[in-house]
Protein chains: 4
Amino acid sequence: MARGRVVIEQAESAVLHGNAAGDPHVRSVPVYLPPSYDASERRRFPVAFVLTGFTGRGRMLLNDNPWSPSLEDRMDDLVARRLCGEMILVMPDCFTRFGGSQYLNSTATGRYQDHVIQELVPLIDRKYRTLADRDHRGVMGKSSGGYGALVFGMLHSDTFGALACHSGDLYFDYCYRGDVPKFCSEIQQAGGLEAWLTKFEAKLQKKHEDLLVLNIIGMAAAYSPNPATAPFGVDLPCDLESGEFREEVWARWLELDPIRMLDRYGEALRSLRLLYMDCGTKDEWHLHHGARLFTRRLKALGIAHEYEEFDDGHLNVSYRYDVSLPRMSRALGAEP
Amino acid sequence: MARGRVVIEQAESAVLHGNAAGDPHVRSVPVYLPPSYDASERRRFPVAFVLTGFTGRGRMLLNDNPWSPSLEDRMDDLVARRLCGEMILVMPDCFTRFGGSQYLNSTATGRYQDHVIQELVPLIDRKYRTLADRDHRGVMGKSSGGYGALVFGMLHSDTFGALACHSGDLYFDYCYRGDVPKFCSEIQQAGGLEAWLTKFEAKLQKKHEDLLVLNIIGMAAAYSPNPATAPFGVDLPCDLESGEFREEVWARWLELDPIRMLDRYGEALRSLRLLYMDCGTKDEWHLHHGARLFTRRLKALGIAHEYEEFDDGHLNVSYRYDVSLPRMSRALGAEP
Amino acid sequence: MARGRVVIEQAESAVLHGNAAGDPHVRSVPVYLPPSYDASERRRFPVAFVLTGFTGRGRMLLNDNPWSPSLEDRMDDLVARRLCGEMILVMPDCFTRFGGSQYLNSTATGRYQDHVIQELVPLIDRKYRTLADRDHRGVMGKSSGGYGALVFGMLHSDTFGALACHSGDLYFDYCYRGDVPKFCSEIQQAGGLEAWLTKFEAKLQKKHEDLLVLNIIGMAAAYSPNPATAPFGVDLPCDLESGEFREEVWARWLELDPIRMLDRYGEALRSLRLLYMDCGTKDEWHLHHGARLFTRRLKALGIAHEYEEFDDGHLNVSYRYDVSLPRMSRALGAEP
Amino acid sequence: MARGRVVIEQAESAVLHGNAAGDPHVRSVPVYLPPSYDASERRRFPVAFVLTGFTGRGRMLLNDNPWSPSLEDRMDDLVARRLCGEMILVMPDCFTRFGGSQYLNSTATGRYQDHVIQELVPLIDRKYRTLADRDHRGVMGKSSGGYGALVFGMLHSDTFGALACHSGDLYFDYCYRGDVPKFCSEIQQAGGLEAWLTKFEAKLQKKHEDLLVLNIIGMAAAYSPNPATAPFGVDLPCDLESGEFREEVWARWLELDPIRMLDRYGEALRSLRLLYMDCGTKDEWHLHHGARLFTRRLKALGIAHEYEEFDDGHLNVSYRYDVSLPRMSRALGAEP
């Protein structure tokens with residue numbers, strides 16, 4: 001079987017330099033070059049940006065497992081079986097101390113949206129033989145990466161001409177809100193946000209419950225940053241003193257819920273060559289409800305899309321890339 | 001050790017006759033008579049009504065366990081150790097097909113509030129040597145029973161002169177709302193409310209997850225009944241077709257959240273001889289937040305109360321009766 | 001529906017007086033008298049002794065649950081539906097500080113076998129209108145109670161003429177041995193048996209894992225007592241210092257494994273009017289393997305028996321009494 | 001920070017060609033070359049072989065995680081902080097269809113011990129600038145990889161002069177035997193070994209419980225192969241028909257328990273420059289007991305070794321390499 005190869009770009013970011021969260025501004029960004037890339041010095045290829053979920057970064061897409069291939073092995077296999085045309089895959093690293101950035105610009109984390117659009121896209125086009133236009137450039141991802149893909153599709157359809165969203169963060173009322181009370185208790189018990197985070201970072205084992213708490217911190221950093229708030233420039237969705245839910249902060253989160261964004265930015269989606277979504281019917285964060293509501297709205301608006309449900313939960317579903325990568329390669333005109 | 005004894009009253013209820021949920025109108029109501037009850041034919045005793053939580057009924061308070069005494073054994077012990085004066089305990093059965101009634105009147109379940117106030121209280125005063133006035137009659141309970149106690153204290157302070165609320169249902173935004181998405185998925189997957197309930201009732205083992213779903217049904221039956229809605233005369237907090245949260249139904253629930261009721265009915269609490277509340281700091285339904293918000297409000301209003309937190313979760317905390325029963329007996333003037 | 005009634009006998013035991021574990025020698029033993037018991041002063045009834053599992057005692061068989069009737073309610077219902085003839089049910093309390101006694105005599109716990117055979121059987125025959133012979137007296141139980149029933153059937157078939165064993169402790173290699181390493185770690189970590197037990201007894205919540213540890217203590221107290229061993233007169237199946245498994249102690253346990261006892265005492269089972277066994281195919285202690293091996297041996301020996309498997313685990317399977325009680329009542333000649 | 005680099009060797013194995021389990025005979029073997037490797041064309045380096053646990057293969061040691069560095073990143077960091085001298089790390093792939101090989105030769109899986117000793121060691125020495133003798137070659141690993149390291153130390157101390165064993169499989173009576181009953185039930189329920197494995201391989205999600213079952217299959221394939229047994233040439237530790245434990249098969253397993261091997265092969269360990277072992281005190285497979293018994297024996301035999309315990313379980317403990325790699329590099333004479 002012909003195999004592609006992976007180059008790890010050390011991307012130095014100007015927009016992330018000196019970011020508020022203190023995260024590095026040089027990032028390892030794996031770039032998958034398809035099997036024929038080295039065979040010809042002229043052939044150009046479409047590009048898909050693949051976005052990881054919360055607590056992830058690009059390199060993790062290459063992680064090996066005997067029963068769940070890395071993205072690299074998966075793509076080699078799809079190309080070999082002629083289910084995918086050949087294309088370049090780019091795996092950004094938008095991880096932060098708070099677990100992720102949702103691929104948004106935020107004063108609390110950094111300008112991760114700008115990093116992708118203004119820095120990584122040009123970098124890849126400069127260094128690799130890409131078909132360097134939006135019709136040959138797609139974005140896809142899972143969970144927070146699916147969220148990122150949807151948002152890029154709405155806000156940057158001039159950059160990305162196709163998107164695939166697996167189990168994306170949607171309908172925040174269902175996917176985040178229910179975790180706020182637990183988050184509140186844990187932070188209170190730790191003695192505040194900074195104390196909690198310090199303790200979390202020192203833990204050799206990060207437990208599932210810890211990650212639920214971190215998730216709310218990460219979302220607050222992305223959706224309700226506030227430079228005036230100590231210690232991290234983040235407004236939380238609950239009052240740490242009284243424990244009360246903060247509706248005014250929640251309203252800010254909802255502004256960035258794709259379900260709500262659809263009203264303002266939905267038109268951009270009409271221009272996409274692919275708008276693919278899926279979700280597991282047992283998603284532990286209830287994201288299938290969001291996916292249904294979103295695609296129901298798309299249908300009502302007459303925006304072309306594909307939607308699939310599968311019988312599984314939220315985690316370890318990278319096998320869904322076997323469904324989206326072929327669609328993406330077709331949409332981007334990738335050739336065998 | 002001198003022991004009390006338990007009589008099981010077969011209480012025939014007129015107000016529950018022909019109730020909408022099809023539940024029996026004759027109920028087994030255990031009545032604990034303290035050690036000295038039979039010694040004198042004249043002595044009268046204060047009475048405390050003890051309300052069970054969701055999925056409970058009075059008889060369950062007598063359940064035996066080698067490491068967690070029944071209410072009867074617990075009371076005998078407290079009396080013997082002179083920590084409690086002697087009083088009568090009444091254990092109503094307000095269970096329904098939907099797991100409980102919240103001790104409210106509802107067209108979907110039945111008039112359980114009326115059953116307690118108009119039927120059980122007079123029955124007990126008629127058949128037993130009680131001190132038959134509100135100053136010698138208290139109400140207490142845990143979880144939904146704590147909710148019931150709070151509500152009786154606000155709406156029926158002429159009947160009950162003291163209350164104790166352990167881990168009571170409060171601040172519905174935290175204790176119920178987070179379970180709605182899961183509820184919605186489960187009901188949809190079962191093919192609707194009736195199909196789910198039929199399946200549930202046939203299950204030999206009721207799993208924790210099943211009871212989470214039943215809980216939302218039970219709360220909807222109590223808080224948002226609607227005789228016009230098939231099959232059970234209940235408005236649900238989500239749209240079963242789209243999956244969407246129903247804010248207008250939720251608003252009805254909030255009307256019966258003690259946190260909100262305090263505005264309208266809080267004054268009644270001033271007259272109580274005892275207003276005791278507690279909650280575990282690891283309550284899985286996050287009820288400690290509600291308890292804190294409620295008592296914070298009480299404090300602001302200048303309403304006397306006692307509040308304790310303990311280091312535990314929501315379940316198997318009947319040992320907290322060792323804290324409330326002595327207070328209740330003192331408040332009701334029970335004598336050794 | 002005609003209902004039976006329950007009398008709680010306060011059985012004072014001579015053989016348990018001053019027992020090594022310091023447990024009470026007066027026990028509450030519920031006696032269920034069937035609906036017709038009070039109707040005639042002459043009619044005599046068969047008797048079934050019902051033995052609870054580990055951590056249980058007779059009173060717990062009466063515990064109420066809206067979806068799982070108490071033994072009393074279950075029996076009333078079976079009699080009303082004419083599935084059972086009328087018989088007396090006796091619910092011994094052979095609980096100990098170590099969680100149970102396996103209904104055996106042991107220097108570490110007490111003479112619980114003698115207590116049942118020499119004290120409770122005569123007491124019941126003396127105080128109630130029983131058919132006081134082995135052909136009208138049966139024994140049944142679940143888990144450790146099923147073990148007790150099997151052992152009584154083998155060792156005391158002159159006292160009991162019928163037995164039913166639900167999910168009984170059998171094939172110790174599978175049901176206990178796998179828990180020894182965990183037991184060993186927990187006891188070592190606590191600083192020894194006494195320290196562990198003290199801590200356990202002080203815990204407000206007994207966790208599942210705690211009960212696994214207690215189970216090994218309880219079994220050691222029953223199967224390998226040794227008055228010379230401090231602190232509790234019990235030889236453990238592992239060396240607390242090195243952690244090593246102790247084959248010589250294990251050999252003593254195996255002597256009391258019904259699978260092995262069958263060789264020595266199996267003949268006694270031929271005389272039984274009923275030898276009923278069942279087990280769930282998902283038994284968490286793997287007891288279905290033991291049940292299969294035991295009944296396979298019975299078959300090879302030509303000993304009449306009935307064996308059923310059901311699709312469930314070990315816990316909360318009291319609905320199986322609906323299967324065994326009718327068989328028991330028939331075997332004992334109980335009449336409607 | 002100076003960084004090493006990783007080369008993925010495609011190792012073609014003669015001894016694995018046509019292996020019984022049908023696994024590939026060409027394996028991806030990552031080789032970590034330390035920062036200075038490319039700086040000089042003459043410098044030679046010690047080599048450590050790092051063995052993964054059950055269900056693992058060499059590439060997985062490179063998996064990325066934001067809070068748990070890959071072996072590559074970990075080594076770069078240790079070298080940069082001068083805690084480790086520079087050495088080459090080799091990550092063999094001895095994975096099989098049954099989840100692993102225990103690095104043994106077996107007719108059921110293949111000659112994995114020979115593959116490492118006869119093929120990989122010479123390959124690495126041929127292709128890389130190694131210090132090609134046993135005093136500069138070590139072996140280390142975790143769990144089944146720790147088992148492999150111990151066994152290589154006992155059987156091939158002429159090849160490896162140092163070993164480190166993290167949470168290695170030891171004292172089979174505690175670490176495997178308790179899972180046999182569950183294994184037996186699962187295989188029976190699936191309708192046999194082949195049916196189970198087919199179903200397992202088709203599962204998109206491998207659950208923890210599935211891996212427990214696979215573990216017993218894998219160990220049987222390693223410890224009790226039998227070419228005469230259909231379908232996989234493996235004798236199982238239980239009789240699938242009766243469910244009974246098979247002592248005679250178990251005896252074969254025990255022959256390969258390091259605790260027992262010590263009697264026959266322990267002398268070889270005296271020659272090691274490093275014999276390091278550790279284990280978590282909450283190891284879910286109870287391996288701390290085995291580690292204690294093993295090191296207790298080493299002490300009695302006067303064999304030099306180091307042993308540490310840490311407060312954690314069995315999984316996600318790769319941070320322990322931070323303890324063993326420096327020791328290994330010192331033992332092998334690696335220089336900064």
# chains A, B, ... in the order shown; residues from 1 in each chain; ligands from 1
>>> select_by_dssp(residues="stretch 30-224 of chain A", states="helix (DSSP H, G or I)", output="ChimeraX atom specification")
/A:58-62,71-80,112-127,134-136,144-155,172-175,177-190,193-202,208-223
>>> residues_around(residues="stretch 191-204 of chain C", least_positions_apart="3", cutoff="8 Å", atoms="only C-alpha atoms", output="list in words")
Tyr319 of chain B; Glu186, Ile187, Gln188, Asp210, Pro231 and Leu240 of chain C
>>> closest_residue(among="D:Ile216, D:Val317, D:Val180, D:Met328", to="chain C", atoms="only C-alpha atoms")
D:Val180
>>> residues_around(residues="stretch 9-14 of chain B", least_positions_apart="6", cutoff="6 Å", atoms="only C-alpha atoms", output="JSON, numbers by chain")
{"B": [25, 26, 27, 28, 29, 30]}
>>> interface_residues(of="chain C", to="chain D", cutoff="7 Å", atoms="only C-alpha atoms", output="PyMOL selection string")
chain C and resi 174+177-178+181-182+242-243+286+289+293
>>> atom_distance(atom1="atom CA of D:Leu16", atom2="atom CA of D:Gly266")
28.5 Å
>>> residues_around(residues="C:His115", least_positions_apart="3", cutoff="10 Å", atoms="only C-alpha atoms", output="PyMOL selection string")
chain C and resi 11-16+25+92-94+103-105+110-112+118-121
>>> write_last_selection(atoms="C-alpha atoms", output="PDB file, in the first residue's frame")
ATOM      1  CA  ALA C  11     -35.916 -15.120  70.608  1.00  0.00           C
ATOM      2  CA  GLU C  12     -33.523 -15.478  73.501  1.00  0.00           C
ATOM      3  CA  SER C  13     -30.744 -17.845  72.586  1.00  0.00           C
ATOM      4  CA  ALA C  14     -28.791 -19.925  75.065  1.00  0.00           C
ATOM      5  CA  VAL C  15     -26.275 -21.107  72.493  1.00  0.00           C
ATOM      6  CA  LEU C  16     -25.495 -17.586  71.358  1.00  0.00           C
ATOM      7  CA  HIS C  25     -28.116 -13.297  72.048  1.00  0.00           C
ATOM      8  CA  PRO C  92     -34.174 -16.031  61.577  1.00  0.00           C
ATOM      9  CA  ASP C  93     -31.577 -13.428  62.476  1.00  0.00           C
ATOM     10  CA  CYS C  94     -28.111 -14.963  62.203  1.00  0.00           C
ATOM     11  CA  TYR C 103     -25.731 -20.397  59.409  1.00  0.00           C
ATOM     12  CA  LEU C 104     -22.789 -22.467  60.664  1.00  0.00           C
ATOM     13  CA  ASN C 105     -21.349 -23.081  64.094  1.00  0.00           C
ATOM     14  CA  GLY C 110     -21.275 -18.411  67.510  1.00  0.00           C
ATOM     15  CA  ARG C 111     -23.330 -21.544  67.179  1.00  0.00           C
ATOM     16  CA  TYR C 112     -25.784 -20.284  64.587  1.00  0.00           C
ATOM     17  CA  GLN C 118     -31.971 -26.595  68.499  1.00  0.00           C
ATOM     18  CA  GLU C 119     -33.640 -23.343  69.464  1.00  0.00           C
ATOM     19  CA  LEU C 120     -35.689 -21.695  66.744  1.00  0.00           C
ATOM     20  CA  VAL C 121     -37.304 -24.826  65.357  1.00  0.00           C
TER      21      VAL C 121
END
>>> decode(residues="stretch 294-309 of chain D", atoms="all heavy atoms", output="compact mmCIF listing (two decimals), in the first residue's frame")
# COMPACT_ATOMS: atom_id res chain seq x y z
N PHE D 294 8.09 -10.83 44.92
CA PHE D 294 9.27 -11.03 44.08
C PHE D 294 10.50 -10.37 44.70
O PHE D 294 11.56 -10.99 44.83
CB PHE D 294 8.99 -10.45 42.69
CG PHE D 294 9.98 -10.85 41.63
CD1 PHE D 294 9.80 -12.02 40.91
CD2 PHE D 294 11.09 -10.07 41.34
CE1 PHE D 294 10.70 -12.40 39.92
CE2 PHE D 294 12.01 -10.44 40.36
CZ PHE D 294 11.81 -11.62 39.65
N THR D 295 10.35 -9.12 45.12
CA THR D 295 11.51 -8.41 45.68
C THR D 295 11.89 -8.97 47.05
O THR D 295 13.06 -8.97 47.43
CB THR D 295 11.25 -6.90 45.74
OG1 THR D 295 10.02 -6.66 46.43
CG2 THR D 295 11.14 -6.31 44.34
N ARG D 296 10.92 -9.47 47.78
CA ARG D 296 11.21 -10.16 49.04
C ARG D 296 12.09 -11.38 48.77
O ARG D 296 13.04 -11.65 49.51
CB ARG D 296 9.86 -10.57 49.65
CG ARG D 296 9.89 -11.39 50.90
CD ARG D 296 8.48 -11.81 51.31
NE ARG D 296 7.79 -10.74 52.03
CZ ARG D 296 7.49 -10.79 53.34
NH1 ARG D 296 7.77 -11.87 54.05
NH2 ARG D 296 6.87 -9.80 53.92
N ARG D 297 11.77 -12.08 47.72
CA ARG D 297 12.59 -13.24 47.33
C ARG D 297 13.98 -12.80 46.87
O ARG D 297 14.98 -13.43 47.21
CB ARG D 297 11.91 -14.03 46.21
CG ARG D 297 10.66 -14.80 46.59
CD ARG D 297 11.01 -16.02 47.48
NE ARG D 297 12.08 -16.80 46.88
CZ ARG D 297 11.92 -17.68 45.88
NH1 ARG D 297 10.70 -17.90 45.39
NH2 ARG D 297 12.94 -18.33 45.39
N LEU D 298 14.01 -11.73 46.08
CA LEU D 298 15.32 -11.21 45.63
C LEU D 298 16.20 -10.90 46.83
O LEU D 298 17.39 -11.23 46.87
CB LEU D 298 15.14 -9.94 44.78
CG LEU D 298 14.54 -10.10 43.39
CD1 LEU D 298 14.40 -8.73 42.74
CD2 LEU D 298 15.39 -11.02 42.51
N LYS D 299 15.60 -10.25 47.80
CA LYS D 299 16.34 -9.88 49.01
C LYS D 299 16.87 -11.12 49.71
O LYS D 299 18.03 -11.18 50.12
CB LYS D 299 15.40 -9.09 49.93
CG LYS D 299 16.11 -8.24 50.95
CD LYS D 299 15.13 -7.34 51.69
CE LYS D 299 15.81 -6.66 52.87
NZ LYS D 299 14.80 -5.92 53.68
N ALA D 300 15.98 -12.10 49.85
CA ALA D 300 16.40 -13.35 50.51
C ALA D 300 17.55 -14.00 49.76
O ALA D 300 18.43 -14.62 50.35
CB ALA D 300 15.20 -14.30 50.61
N LEU D 301 17.55 -13.88 48.45
CA LEU D 301 18.60 -14.48 47.63
C LEU D 301 19.84 -13.59 47.54
O LEU D 301 20.85 -13.98 46.96
CB LEU D 301 18.08 -14.74 46.20
CG LEU D 301 16.97 -15.79 46.06
CD1 LEU D 301 16.34 -15.72 44.66
CD2 LEU D 301 17.53 -17.19 46.32
N GLY D 302 19.73 -12.38 48.08
CA GLY D 302 20.87 -11.47 48.03
C GLY D 302 21.14 -10.92 46.64
O GLY D 302 22.28 -10.63 46.29
N ILE D 303 20.08 -10.76 45.86
CA ILE D 303 20.23 -10.20 44.51
C ILE D 303 19.92 -8.71 44.56
O ILE D 303 18.84 -8.30 44.99
CB ILE D 303 19.29 -10.92 43.51
CG1 ILE D 303 19.69 -12.40 43.41
CG2 ILE D 303 19.33 -10.23 42.14
CD1 ILE D 303 18.75 -13.23 42.57
N ALA D 304 20.88 -7.91 44.13
CA ALA D 304 20.73 -6.46 44.21
C ALA D 304 19.56 -5.99 43.33
O ALA D 304 19.38 -6.48 42.21
CB ALA D 304 22.01 -5.78 43.75
N HIS D 305 18.81 -5.05 43.83
CA HIS D 305 17.67 -4.52 43.08
C HIS D 305 17.19 -3.25 43.77
O HIS D 305 17.57 -2.97 44.91
CB HIS D 305 16.54 -5.54 43.03
CG HIS D 305 15.95 -5.82 44.39
ND1 HIS D 305 16.56 -6.68 45.29
CD2 HIS D 305 14.84 -5.35 44.99
CE1 HIS D 305 15.83 -6.72 46.40
NE2 HIS D 305 14.79 -5.92 46.25
N GLU D 306 16.37 -2.50 43.04
CA GLU D 306 15.69 -1.35 43.64
C GLU D 306 14.20 -1.56 43.49
O GLU D 306 13.74 -2.03 42.45
CB GLU D 306 16.06 -0.06 42.92
CG GLU D 306 17.50 0.37 43.11
CD GLU D 306 17.76 1.67 42.34
OE1 GLU D 306 17.20 2.71 42.74
OE2 GLU D 306 18.48 1.61 41.33
N TYR D 307 13.45 -1.18 44.50
CA TYR D 307 12.00 -1.35 44.42
C TYR D 307 11.31 -0.12 45.00
O TYR D 307 11.64 0.33 46.09
CB TYR D 307 11.56 -2.60 45.18
CG TYR D 307 10.06 -2.77 45.21
CD1 TYR D 307 9.33 -2.79 44.02
CD2 TYR D 307 9.36 -2.89 46.42
CE1 TYR D 307 7.94 -2.94 44.03
CE2 TYR D 307 7.99 -3.04 46.44
CZ TYR D 307 7.28 -3.06 45.25
OH TYR D 307 5.91 -3.19 45.27
N GLU D 308 10.37 0.39 44.25
CA GLU D 308 9.59 1.54 44.73
C GLU D 308 8.10 1.26 44.58
O GLU D 308 7.67 0.60 43.64
CB GLU D 308 9.91 2.79 43.89
CG GLU D 308 11.28 3.37 44.18
CD GLU D 308 11.47 4.75 43.55
OE1 GLU D 308 10.52 5.28 42.92
OE2 GLU D 308 12.58 5.29 43.69
N GLU D 309 7.35 1.83 45.48
CA GLU D 309 5.90 1.81 45.33
C GLU D 309 5.41 3.23 45.17
O GLU D 309 6.02 4.16 45.69
CB GLU D 309 5.23 1.15 46.54
CG GLU D 309 5.59 -0.32 46.63
CD GLU D 309 4.72 -1.09 47.63
OE1 GLU D 309 3.95 -0.47 48.38
OE2 GLU D 309 4.82 -2.34 47.63
